[in-house]
2 protein chains.
Amino acid sequence: MPGASDPAEAGSGRTVTACLLIIGNEILSGRTQDKNTAFLGQGLNELGVRLMEVRVIPDVEQVIVDTLNEVRRRFDYVFTTGGIGPTHDDITADCVARAFGLPLIVNPEARRILEAHYPPGQLTEARLRMARTPEGADLIENPVSKAPGFQVENVFVMAGIPAVMQAMFASLKHRLVGGKPLRSRTVMVELGESFVAEGLAAVQDSHPDVEIGSYPFNRDGTFGTRLVLRSTEEHSLESAATALDALILSLGIEGVWEKTEESPEKV
Amino acid sequence: MPGASDPAEAGSGRTVTACLLIIGNEILSGRTQDKNTAFLGQGLNELGVRLMEVRVIPDVEQVIVDTLNEVRRRFDYVFTTGGIGPTHDDITADCVARAFGLPLIVNPEARRILEAHYPPGQLTEARLRMARTPEGADLIENPVSKAPGFQVENVFVMAGIPAVMQAMFASLKHRLVGGKPLRSRTVMVELGESFVAEGLAAVQDSHPDVEIGSYPFNRDGTFGTRLVLRSTEEHSLESAATALDALILSLGIEGVWEKTEESPEKV
């Protein structure tokens with residue numbers, strides 16, 4: 001696992017890494033289905049940033065602070081979702097301030113945004129909670145419901161509601177400096193994965209800079225396998241795809257390749 | 001965070017904890033949407049085991065080994081999903097063996113299960129990979145596609161495909177010893193959460209053994225909030241629900257309570 005360093009130094013070589021912290025009892029209890037992982041995994045890859053770990057943790061201050069302090073040192077970027085609303089269980093801002101040893105303040109700019117949003121006299125104590133950030137934080141615009149997210153160093157704090165999180169990600173992504181995006185090619189075969197396993201291992205051995213994944217599925221009683229090639233290097237991808245085609249042909253089956261223009265978004 | 005100890009000693013008092021490790025590049029890249037967290041969170045809670053953390057990690061041997069060794073000491077139970085198929089990228093069994101310092105063997109019982117399943121001569125080298133376990137592991141039956149999962153101490157290794165994972169969980173759950181299940185009551189109000197925030201904090205303060213969560217939603221342009229009370233103590237839940245009803249009445253709005261028979265499954 002590469003250690004964190006200045007992402008701005010990331011050139012074509014090193015993998016730029018990210019970790020997502022999903023903060024919320026409602027995900028752990030199974031009440032709410034997380035949808036932010038898939039969105040962020042894809043969105044980051046387009047920028048050449050690779051999501052290397054996701055952690056779902058409960059609304060417990062010490063757990064959040066300890067986890068933040070561990071992952072912000074291990075990954076280039078850390079994103080959090082959840083816990084920035086107006087209620088007592090929204091403690092993410094408090095935890096980020098504690099993790100960085102910064103005072104938690106009512107951010108003047110965030111306060112102005114909320115004052116402009118609510119009718120006069122309606123910016124209650126509870127709503128003002130949403131203007132709290134660690135001192136010196138940079139705000140992340142929220143075009144959906146106004147209450148902003150914020151950034152402290154390499155940590156980006158976003159809302160948990162997918163539509164708001166996605167809008168915040170659009171607002172912040174120009175701040176990220178990535179490496180080469182991973183590209184992928186995917187071929188689907190109507191055969192259980194054990195039939196292709198041996199040949200696939202050989203293709204993997206001869207293409208060390210391509211990650212080859214095998215994902216079985218069963219759709220309406222038909223067993224099939226989706227074979228995914230992933231690499232930052234287009235020529236390696238091309239060569240592995242050719243080898244895979246030869247393997248499929250040798251097995252006497254047909255492979256259906258997904259359109260490659262989909263690739264950068266779905267690795 | 002409670003440290004791991006013998007779950008069999010868990011009585012009514014201590015919280016019995018679990019961690020889920022989701023192993024797979026395809027979840028991190030956003031290609032596959034995880035569905036195992038919500039199922040396991042609910043299924044464990046019915047048994048009085050609380051899912052305290054989920055980690056999604058890549059198919060990288062050292063990362064899997066290190067993560068396993070960290071979480072198996074911190075939580076009473078650890079569940080893994082993914083990486084136990086027949087292909088080269090299925091390395092979970094290898095990693096569990098390494099984490100425990102055990103030899104990886106072809107498990108004789110698992111071999112018999114696979115021999116009985118495949119037509120004579122069809123148990124290829126690749127398929128035999130699915131019979132590999134750390135020495136001394138207890139198998140977890142797989143009624144869907146036969147290739148078993150396995151247990152080593154407090155670590156349960158399951159398939160990633162949701163239907164197979166769910167069947168394996170049904171096979172293993174009699175081995176788990178839980179505490180009291182968390183119960184919940186949920187009321188929905190058609191009001192943004194900032195309107196209830198202040199009163200809700202007061203209800204939380206007077207009910208320290210109830211966790212109160214507030215989850216805003218926006219459905220077809222209507223803003224609403226789902227307020228969730230969670231506790232292992234029925235009388236505390238009852239008392240908090242009464243206090244919440246009084247709060248809702250004082251705000252001049254209506255609250256719609258979800259049926260309580262749903263509660264143990266959906267906290």
# chains A, B, ... in the order shown; residues from 1 in each chain; ligands from 1
>>> residues_around(residues="B:Pro58", least_positions_apart="3", cutoff="6 Å", atoms="only C-alpha atoms", output="list in words")
Ile23, Gly24 and Asn25 of chain B
>>> write_last_selection(atoms="N, CA and C atoms", output="CSV table (one decimal), in the first residue's frame")
chain,number,residue,atom,x,y,z
B,23,ILE,N,-14.0,-8.7,-0.2
B,23,ILE,CA,-12.7,-8.8,-1.0
B,23,ILE,C,-13.0,-8.8,-2.5
B,24,GLY,N,-12.5,-7.7,-3.1
B,24,GLY,CA,-12.8,-7.7,-4.6
B,24,GLY,C,-12.6,-6.4,-5.2
B,25,ASN,N,-11.7,-6.3,-6.3
B,25,ASN,CA,-11.5,-5.2,-7.1
B,25,ASN,C,-12.8,-4.7,-7.7
>>> residues_around(residues="stretch 91-100 of chain B", least_positions_apart="2", cutoff="9 Å", atoms="only C-alpha atoms", output="VMD selection string")
chain B and resid 23 59 to 62 64 to 66 68 to 69 80 to 85 87 to 89 102 to 104 130 132 to 135 150 152 155 157
>>> interface_residues(of="chain B", to="chain A", cutoff="6 Å", atoms="only C-alpha atoms", output="list of chain:residue names")
B:Leu28, B:Ser29, B:Gly30, B:Arg31, B:Ala38, B:Gly41, B:Gln42, B:Leu51, B:Glu53, B:Val54, B:Arg55, B:Val56, B:Ile57, B:Pro86, B:Thr87, B:His88, B:Ala126, B:Arg127, B:Ser194, B:Ala197, B:Ala201, B:Lys266, B:Val267
>>> select_by_dssp(residues="stretch 52-238 of chain B", states="strand (DSSP E or B)", output="PyMOL selection string")
chain B and resi 52-57+77-81+104-106+132-134+138-140+149-152+155-158+183-189+211-219+222-231
>>> write_last_selection(atoms="N, CA and C atoms", output="compact mmCIF listing (two decimals), in the first residue's frame")
# COMPACT_ATOMS: atom_id res chain seq x y z
N MET B 52 -20.19 -4.04 13.18
CA MET B 52 -19.58 -2.78 13.62
C MET B 52 -18.70 -2.15 12.56
N GLU B 53 -18.27 -2.93 11.59
CA GLU B 53 -17.40 -2.36 10.57
C GLU B 53 -17.47 -3.21 9.31
N VAL B 54 -17.39 -2.55 8.17
CA VAL B 54 -17.26 -3.24 6.89
C VAL B 54 -16.05 -2.65 6.20
N ARG B 55 -15.22 -3.52 5.63
CA ARG B 55 -14.12 -3.01 4.82
C ARG B 55 -14.16 -3.65 3.45
N VAL B 56 -14.02 -2.83 2.45
CA VAL B 56 -13.88 -3.34 1.09
C VAL B 56 -12.42 -3.19 0.72
N ILE B 57 -11.77 -4.28 0.37
CA ILE B 57 -10.34 -4.26 0.07
C ILE B 57 -10.07 -4.97 -1.26
N TYR B 77 -16.51 -11.75 15.68
CA TYR B 77 -16.64 -12.55 14.46
C TYR B 77 -16.19 -11.74 13.25
N VAL B 78 -15.57 -12.42 12.32
CA VAL B 78 -15.21 -11.78 11.05
C VAL B 78 -15.79 -12.62 9.93
N PHE B 79 -16.43 -11.97 8.98
CA PHE B 79 -16.98 -12.65 7.80
C PHE B 79 -16.26 -12.09 6.59
N THR B 80 -15.90 -12.98 5.66
CA THR B 80 -15.35 -12.48 4.40
C THR B 80 -16.28 -12.92 3.28
N THR B 81 -16.36 -12.08 2.24
CA THR B 81 -17.07 -12.49 1.03
C THR B 81 -16.16 -12.27 -0.16
N LEU B 104 -1.97 -24.55 3.76
CA LEU B 104 -3.15 -24.61 2.89
C LEU B 104 -3.20 -26.01 2.29
N ILE B 105 -4.30 -26.70 2.50
CA ILE B 105 -4.38 -28.08 2.01
C ILE B 105 -5.59 -28.26 1.08
N VAL B 106 -5.61 -29.38 0.36
CA VAL B 106 -6.86 -29.77 -0.30
C VAL B 106 -7.67 -30.48 0.77
N ARG B 132 -9.59 -26.12 -1.52
CA ARG B 132 -8.46 -25.74 -0.67
C ARG B 132 -8.93 -24.95 0.55
N THR B 133 -8.45 -25.35 1.72
CA THR B 133 -8.73 -24.60 2.95
C THR B 133 -7.48 -24.64 3.82
N PRO B 134 -7.40 -23.76 4.79
CA PRO B 134 -6.34 -23.93 5.79
C PRO B 134 -6.58 -25.26 6.52
N ASP B 138 -13.23 -25.78 9.46
CA ASP B 138 -14.56 -26.40 9.39
C ASP B 138 -15.27 -25.88 8.15
N LEU B 139 -15.84 -26.78 7.38
CA LEU B 139 -16.51 -26.35 6.16
C LEU B 139 -17.84 -25.66 6.46
N ILE B 140 -18.25 -24.80 5.53
CA ILE B 140 -19.57 -24.17 5.56
C ILE B 140 -20.30 -24.66 4.31
N GLY B 149 -17.77 -22.97 1.75
CA GLY B 149 -16.99 -21.97 2.46
C GLY B 149 -16.30 -22.66 3.61
N PHE B 150 -15.63 -21.91 4.47
CA PHE B 150 -15.00 -22.54 5.63
C PHE B 150 -14.81 -21.55 6.78
N GLN B 151 -14.62 -22.14 7.96
CA GLN B 151 -14.41 -21.35 9.18
C GLN B 151 -13.07 -21.72 9.80
N VAL B 152 -12.27 -20.71 10.17
CA VAL B 152 -11.09 -20.93 11.00
C VAL B 152 -11.25 -20.01 12.21
N VAL B 155 -13.21 -16.63 12.10
CA VAL B 155 -13.29 -16.09 10.73
C VAL B 155 -14.11 -17.04 9.84
N PHE B 156 -15.13 -16.50 9.20
CA PHE B 156 -16.03 -17.27 8.34
C PHE B 156 -15.84 -16.80 6.90
N VAL B 157 -15.47 -17.72 6.04
CA VAL B 157 -15.12 -17.38 4.66
C VAL B 157 -16.25 -17.81 3.73
N MET B 158 -16.86 -16.82 3.07
CA MET B 158 -18.04 -17.10 2.24
C MET B 158 -17.84 -16.62 0.80
N ARG B 183 -33.44 -3.75 18.89
CA ARG B 183 -34.78 -3.58 18.33
C ARG B 183 -34.95 -2.13 17.91
N SER B 184 -35.87 -1.89 17.03
CA SER B 184 -36.02 -0.51 16.57
C SER B 184 -37.48 -0.11 16.43
N ARG B 185 -37.71 1.17 16.49
CA ARG B 185 -39.00 1.78 16.15
C ARG B 185 -38.69 2.93 15.20
N THR B 186 -39.49 3.06 14.18
CA THR B 186 -39.24 4.10 13.18
C THR B 186 -40.49 4.91 12.94
N VAL B 187 -40.35 6.22 12.96
CA VAL B 187 -41.48 7.09 12.63
C VAL B 187 -41.05 8.04 11.52
N MET B 188 -41.97 8.24 10.58
CA MET B 188 -41.69 9.09 9.44
C MET B 188 -42.48 10.38 9.59
N VAL B 189 -41.81 11.52 9.43
CA VAL B 189 -42.52 12.80 9.46
C VAL B 189 -42.25 13.54 8.15
N GLU B 211 -30.26 4.59 20.88
CA GLU B 211 -29.57 5.34 19.82
C GLU B 211 -30.63 5.96 18.95
N ILE B 212 -30.56 7.25 18.76
CA ILE B 212 -31.58 7.90 17.93
C ILE B 212 -30.93 8.41 16.65
N GLY B 213 -31.43 7.93 15.53
CA GLY B 213 -30.89 8.35 14.24
C GLY B 213 -31.93 9.15 13.46
N SER B 214 -31.45 10.09 12.69
CA SER B 214 -32.34 10.95 11.90
C SER B 214 -31.90 10.89 10.45
N TYR B 215 -32.80 10.43 9.56
CA TYR B 215 -32.41 10.21 8.17
C TYR B 215 -33.33 10.96 7.22
N PRO B 216 -32.84 12.05 6.65
CA PRO B 216 -33.68 12.86 5.77
C PRO B 216 -33.88 12.17 4.43
N PHE B 217 -34.99 12.47 3.78
CA PHE B 217 -35.18 11.99 2.42
C PHE B 217 -35.96 13.02 1.63
N ASN B 218 -35.94 12.90 0.34
CA ASN B 218 -36.68 13.79 -0.54
C ASN B 218 -37.33 12.89 -1.57
N ARG B 219 -38.63 12.70 -1.44
CA ARG B 219 -39.33 11.80 -2.35
C ARG B 219 -40.37 12.59 -3.15
N THR B 222 -41.15 16.01 -1.91
CA THR B 222 -41.55 16.17 -0.50
C THR B 222 -40.35 15.88 0.39
N PHE B 223 -40.03 16.85 1.27
CA PHE B 223 -38.95 16.62 2.22
C PHE B 223 -39.51 15.88 3.43
N GLY B 224 -38.80 14.89 3.88
CA GLY B 224 -39.25 14.16 5.06
C GLY B 224 -38.06 13.65 5.83
N THR B 225 -38.36 13.12 7.01
CA THR B 225 -37.30 12.58 7.87
C THR B 225 -37.80 11.29 8.50
N ARG B 226 -36.93 10.32 8.52
CA ARG B 226 -37.22 9.06 9.18
C ARG B 226 -36.43 9.07 10.50
N LEU B 227 -37.15 8.96 11.59
CA LEU B 227 -36.49 8.97 12.90
C LEU B 227 -36.48 7.54 13.42
N VAL B 228 -35.30 7.05 13.76
CA VAL B 228 -35.15 5.66 14.14
C VAL B 228 -34.63 5.55 15.58
N LEU B 229 -35.36 4.80 16.40
CA LEU B 229 -34.93 4.52 17.77
C LEU B 229 -34.41 3.10 17.80
N ARG B 230 -33.22 2.90 18.39
CA ARG B 230 -32.64 1.55 18.45
C ARG B 230 -32.16 1.26 19.87
N SER B 231 -32.55 0.12 20.38
CA SER B 231 -32.09 -0.26 21.72
C SER B 231 -32.28 -1.75 21.90
>>> atom_distance(atom1="atom CA of B:Leu176", atom2="atom CA of B:Thr15")
13.3 Å
>>> atom_distance(atom1="atom CA of A:Glu109", atom2="atom CA of A:Ser171")
16.1 Å
>>> residues_around(residues="B:Ala131", least_positions_apart="6", cutoff="8 Å", atoms="only C-alpha atoms", output="list in words")
Val106, Asn107, Pro108, Ala110, Arg111, Leu114, Ala147 and Pro148 of chain B
>>> select_by_dssp(residues="stretch 120-172 of chain B", states="alpha helix (DSSP H)", output="ChimeraX atom specification")
/B:125-128,162-172
>>> write_last_selection(atoms="N, CA and C atoms", output="PDB file, in the first residue's frame")
ATOM      1  N   GLU B 125      -8.158 -29.512 -12.269  1.00  0.00           N
ATOM      2  CA  GLU B 125      -7.228 -28.808 -11.378  1.00  0.00           C
ATOM      3  C   GLU B 125      -7.837 -27.483 -10.891  1.00  0.00           C
ATOM      4  N   ALA B 126      -8.434 -26.744 -11.812  1.00  0.00           N
ATOM      5  CA  ALA B 126      -9.016 -25.440 -11.464  1.00  0.00           C
ATOM      6  C   ALA B 126     -10.137 -25.610 -10.438  1.00  0.00           C
ATOM      7  N   ARG B 127     -11.008 -26.584 -10.676  1.00  0.00           N
ATOM      8  CA  ARG B 127     -12.124 -26.788  -9.743  1.00  0.00           C
ATOM      9  C   ARG B 127     -11.634 -27.264  -8.381  1.00  0.00           C
ATOM     10  N   LEU B 128     -10.563 -28.027  -8.408  1.00  0.00           N
ATOM     11  CA  LEU B 128     -10.016 -28.531  -7.153  1.00  0.00           C
ATOM     12  C   LEU B 128      -9.482 -27.381  -6.273  1.00  0.00           C
ATOM     13  N   PRO B 162     -24.281 -12.938  -4.036  1.00  0.00           N
ATOM     14  CA  PRO B 162     -25.241 -12.809  -2.938  1.00  0.00           C
ATOM     15  C   PRO B 162     -26.075 -14.067  -2.660  1.00  0.00           C
ATOM     16  N   ALA B 163     -26.569 -14.746  -3.687  1.00  0.00           N
ATOM     17  CA  ALA B 163     -27.416 -15.925  -3.444  1.00  0.00           C
ATOM     18  C   ALA B 163     -26.620 -17.028  -2.737  1.00  0.00           C
ATOM     19  N   VAL B 164     -25.364 -17.195  -3.098  1.00  0.00           N
ATOM     20  CA  VAL B 164     -24.521 -18.229  -2.488  1.00  0.00           C
ATOM     21  C   VAL B 164     -24.131 -17.806  -1.071  1.00  0.00           C
ATOM     22  N   MET B 165     -23.786 -16.537  -0.920  1.00  0.00           N
ATOM     23  CA  MET B 165     -23.426 -16.022   0.402  1.00  0.00           C
ATOM     24  C   MET B 165     -24.595 -16.189   1.380  1.00  0.00           C
ATOM     25  N   GLN B 166     -25.784 -15.907   0.910  1.00  0.00           N
ATOM     26  CA  GLN B 166     -26.960 -16.003   1.790  1.00  0.00           C
ATOM     27  C   GLN B 166     -27.223 -17.450   2.207  1.00  0.00           C
ATOM     28  N   ALA B 167     -27.037 -18.373   1.270  1.00  0.00           N
ATOM     29  CA  ALA B 167     -27.227 -19.791   1.596  1.00  0.00           C
ATOM     30  C   ALA B 167     -26.156 -20.259   2.580  1.00  0.00           C
ATOM     31  N   MET B 168     -24.931 -19.794   2.397  1.00  0.00           N
ATOM     32  CA  MET B 168     -23.854 -20.154   3.330  1.00  0.00           C
ATOM     33  C   MET B 168     -24.123 -19.588   4.716  1.00  0.00           C
ATOM     34  N   PHE B 169     -24.629 -18.378   4.765  1.00  0.00           N
ATOM     35  CA  PHE B 169     -24.929 -17.767   6.065  1.00  0.00           C
ATOM     36  C   PHE B 169     -26.001 -18.585   6.804  1.00  0.00           C
ATOM     37  N   ALA B 170     -26.989 -19.052   6.046  1.00  0.00           N
ATOM     38  CA  ALA B 170     -28.020 -19.910   6.664  1.00  0.00           C
ATOM     39  C   ALA B 170     -27.384 -21.190   7.217  1.00  0.00           C
ATOM     40  N   SER B 171     -26.365 -21.727   6.513  1.00  0.00           N
ATOM     41  CA  SER B 171     -25.689 -22.955   6.956  1.00  0.00           C
ATOM     42  C   SER B 171     -24.846 -22.748   8.208  1.00  0.00           C
ATOM     43  N   LEU B 172     -24.346 -21.543   8.402  1.00  0.00           N
ATOM     44  CA  LEU B 172     -23.389 -21.341   9.500  1.00  0.00           C
ATOM     45  C   LEU B 172     -23.984 -20.675  10.720  1.00  0.00           C
TER      46      LEU B 172
END
>>> decode(residues="stretch 39-76 of chain A", atoms="N, CA and C atoms", output="mmCIF file, in the first residue's frame")
data_model
loop_
_atom_site.group_PDB
_atom_site.id
_atom_site.type_symbol
_atom_site.label_atom_id
_atom_site.label_comp_id
_atom_site.auth_asym_id
_atom_site.auth_seq_id
_atom_site.Cartn_x
_atom_site.Cartn_y
_atom_site.Cartn_z
ATOM 1 N N PHE A 39 -20.465 4.838 -7.193
ATOM 2 C CA PHE A 39 -20.326 6.135 -7.867
ATOM 3 C C PHE A 39 -18.910 6.690 -7.730
ATOM 4 N N LEU A 40 -18.400 6.656 -6.503
ATOM 5 C CA LEU A 40 -17.082 7.245 -6.258
ATOM 6 C C LEU A 40 -15.973 6.416 -6.917
ATOM 7 N N GLY A 41 -16.102 5.086 -6.873
ATOM 8 C CA GLY A 41 -15.110 4.221 -7.507
ATOM 9 C C GLY A 41 -14.957 4.575 -8.988
ATOM 10 N N GLN A 42 -16.087 4.762 -9.648
ATOM 11 C CA GLN A 42 -16.062 5.097 -11.067
ATOM 12 C C GLN A 42 -15.596 6.525 -11.303
ATOM 13 N N GLY A 43 -16.148 7.452 -10.501
ATOM 14 C CA GLY A 43 -15.811 8.877 -10.676
ATOM 15 C C GLY A 43 -14.333 9.148 -10.442
ATOM 16 N N LEU A 44 -13.769 8.510 -9.431
ATOM 17 C CA LEU A 44 -12.344 8.711 -9.151
ATOM 18 C C LEU A 44 -11.478 8.128 -10.255
ATOM 19 N N ASN A 45 -11.865 6.951 -10.741
ATOM 20 C CA ASN A 45 -11.037 6.339 -11.776
ATOM 21 C C ASN A 45 -10.927 7.204 -13.026
ATOM 22 N N GLU A 46 -12.020 7.890 -13.370
ATOM 23 C CA GLU A 46 -11.962 8.786 -14.535
ATOM 24 C C GLU A 46 -10.894 9.854 -14.364
ATOM 25 N N LEU A 47 -10.602 10.196 -13.098
ATOM 26 C CA LEU A 47 -9.596 11.215 -12.813
ATOM 27 C C LEU A 47 -8.214 10.597 -12.571
ATOM 28 N N GLY A 48 -8.116 9.269 -12.713
ATOM 29 C CA GLY A 48 -6.833 8.616 -12.485
ATOM 30 C C GLY A 48 -6.525 8.409 -11.012
ATOM 31 N N VAL A 49 -7.567 8.396 -10.180
ATOM 32 C CA VAL A 49 -7.390 8.138 -8.747
ATOM 33 C C VAL A 49 -8.038 6.788 -8.457
ATOM 34 N N ARG A 50 -7.337 5.943 -7.726
ATOM 35 C CA ARG A 50 -7.844 4.591 -7.542
ATOM 36 C C ARG A 50 -8.382 4.384 -6.129
ATOM 37 N N LEU A 51 -9.650 4.011 -6.051
ATOM 38 C CA LEU A 51 -10.261 3.727 -4.755
ATOM 39 C C LEU A 51 -9.710 2.397 -4.261
ATOM 40 N N MET A 52 -8.926 2.437 -3.170
ATOM 41 C CA MET A 52 -8.225 1.251 -2.683
ATOM 42 C C MET A 52 -8.899 0.618 -1.469
ATOM 43 N N GLU A 53 -9.727 1.375 -0.790
ATOM 44 C CA GLU A 53 -10.368 0.821 0.404
ATOM 45 C C GLU A 53 -11.619 1.605 0.714
ATOM 46 N N VAL A 54 -12.629 0.892 1.211
ATOM 47 C CA VAL A 54 -13.840 1.534 1.718
ATOM 48 C C VAL A 54 -14.045 1.004 3.125
ATOM 49 N N ARG A 55 -14.360 1.899 4.056
ATOM 50 C CA ARG A 55 -14.726 1.426 5.387
ATOM 51 C C ARG A 55 -16.074 1.991 5.774
ATOM 52 N N VAL A 56 -16.916 1.134 6.270
ATOM 53 C CA VAL A 56 -18.185 1.593 6.827
ATOM 54 C C VAL A 56 -18.027 1.529 8.335
ATOM 55 N N ILE A 57 -18.224 2.658 9.010
ATOM 56 C CA ILE A 57 -18.034 2.710 10.467
ATOM 57 C C ILE A 57 -19.236 3.368 11.129
ATOM 58 N N PRO A 58 -19.443 3.065 12.415
ATOM 59 C CA PRO A 58 -20.639 3.602 13.085
ATOM 60 C C PRO A 58 -20.449 5.058 13.529
ATOM 61 N N ASP A 59 -21.556 5.672 13.953
ATOM 62 C CA ASP A 59 -21.552 7.058 14.434
ATOM 63 C C ASP A 59 -20.971 7.122 15.845
ATOM 64 N N VAL A 60 -19.727 6.718 15.994
ATOM 65 C CA VAL A 60 -19.089 6.699 17.313
ATOM 66 C C VAL A 60 -17.829 7.547 17.205
ATOM 67 N N GLU A 61 -17.781 8.623 17.993
ATOM 68 C CA GLU A 61 -16.730 9.635 17.831
ATOM 69 C C GLU A 61 -15.312 9.050 17.810
ATOM 70 N N GLN A 62 -14.995 8.222 18.798
ATOM 71 C CA GLN A 62 -13.613 7.725 18.879
ATOM 72 C C GLN A 62 -13.252 6.852 17.673
ATOM 73 N N VAL A 63 -14.212 6.067 17.215
ATOM 74 C CA VAL A 63 -13.965 5.213 16.046
ATOM 75 C C VAL A 63 -13.712 6.076 14.812
ATOM 76 N N ILE A 64 -14.503 7.129 14.652
ATOM 77 C CA ILE A 64 -14.350 8.003 13.480
ATOM 78 C C ILE A 64 -12.993 8.712 13.526
ATOM 79 N N VAL A 65 -12.634 9.254 14.679
ATOM 80 C CA VAL A 65 -11.363 9.987 14.815
ATOM 81 C C VAL A 65 -10.173 9.055 14.548
ATOM 82 N N ASP A 66 -10.185 7.882 15.169
ATOM 83 C CA ASP A 66 -9.061 6.944 14.986
ATOM 84 C C ASP A 66 -8.947 6.482 13.536
ATOM 85 N N THR A 67 -10.092 6.178 12.928
ATOM 86 C CA THR A 67 -10.074 5.700 11.546
ATOM 87 C C THR A 67 -9.567 6.789 10.605
ATOM 88 N N LEU A 68 -10.071 8.011 10.799
ATOM 89 C CA LEU A 68 -9.608 9.144 9.982
ATOM 90 C C LEU A 68 -8.095 9.315 10.082
ATOM 91 N N ASN A 69 -7.586 9.267 11.303
ATOM 92 C CA ASN A 69 -6.146 9.473 11.479
ATOM 93 C C ASN A 69 -5.321 8.351 10.872
ATOM 94 N N GLU A 70 -5.863 7.154 10.840
ATOM 95 C CA GLU A 70 -5.141 6.068 10.181
ATOM 96 C C GLU A 70 -5.149 6.248 8.658
ATOM 97 N N VAL A 71 -6.325 6.443 8.096
ATOM 98 C CA VAL A 71 -6.405 6.399 6.628
ATOM 99 C C VAL A 71 -5.893 7.665 5.952
ATOM 100 N N ARG A 72 -5.952 8.813 6.625
ATOM 101 C CA ARG A 72 -5.468 10.029 5.946
ATOM 102 C C ARG A 72 -3.957 9.995 5.757
ATOM 103 N N ARG A 73 -3.280 9.147 6.529
ATOM 104 C CA ARG A 73 -1.829 8.992 6.351
ATOM 105 C C ARG A 73 -1.494 7.910 5.330
ATOM 106 N N ARG A 74 -2.414 6.960 5.139
ATOM 107 C CA ARG A 74 -2.123 5.827 4.257
ATOM 108 C C ARG A 74 -2.506 6.069 2.810
ATOM 109 N N PHE A 75 -3.468 6.964 2.594
ATOM 110 C CA PHE A 75 -3.951 7.164 1.225
ATOM 111 C C PHE A 75 -3.745 8.615 0.802
ATOM 112 N N ASP A 76 -3.643 8.834 -0.511
ATOM 113 C CA ASP A 76 -3.475 10.199 -0.996
ATOM 114 C C ASP A 76 -4.695 11.050 -0.691
#
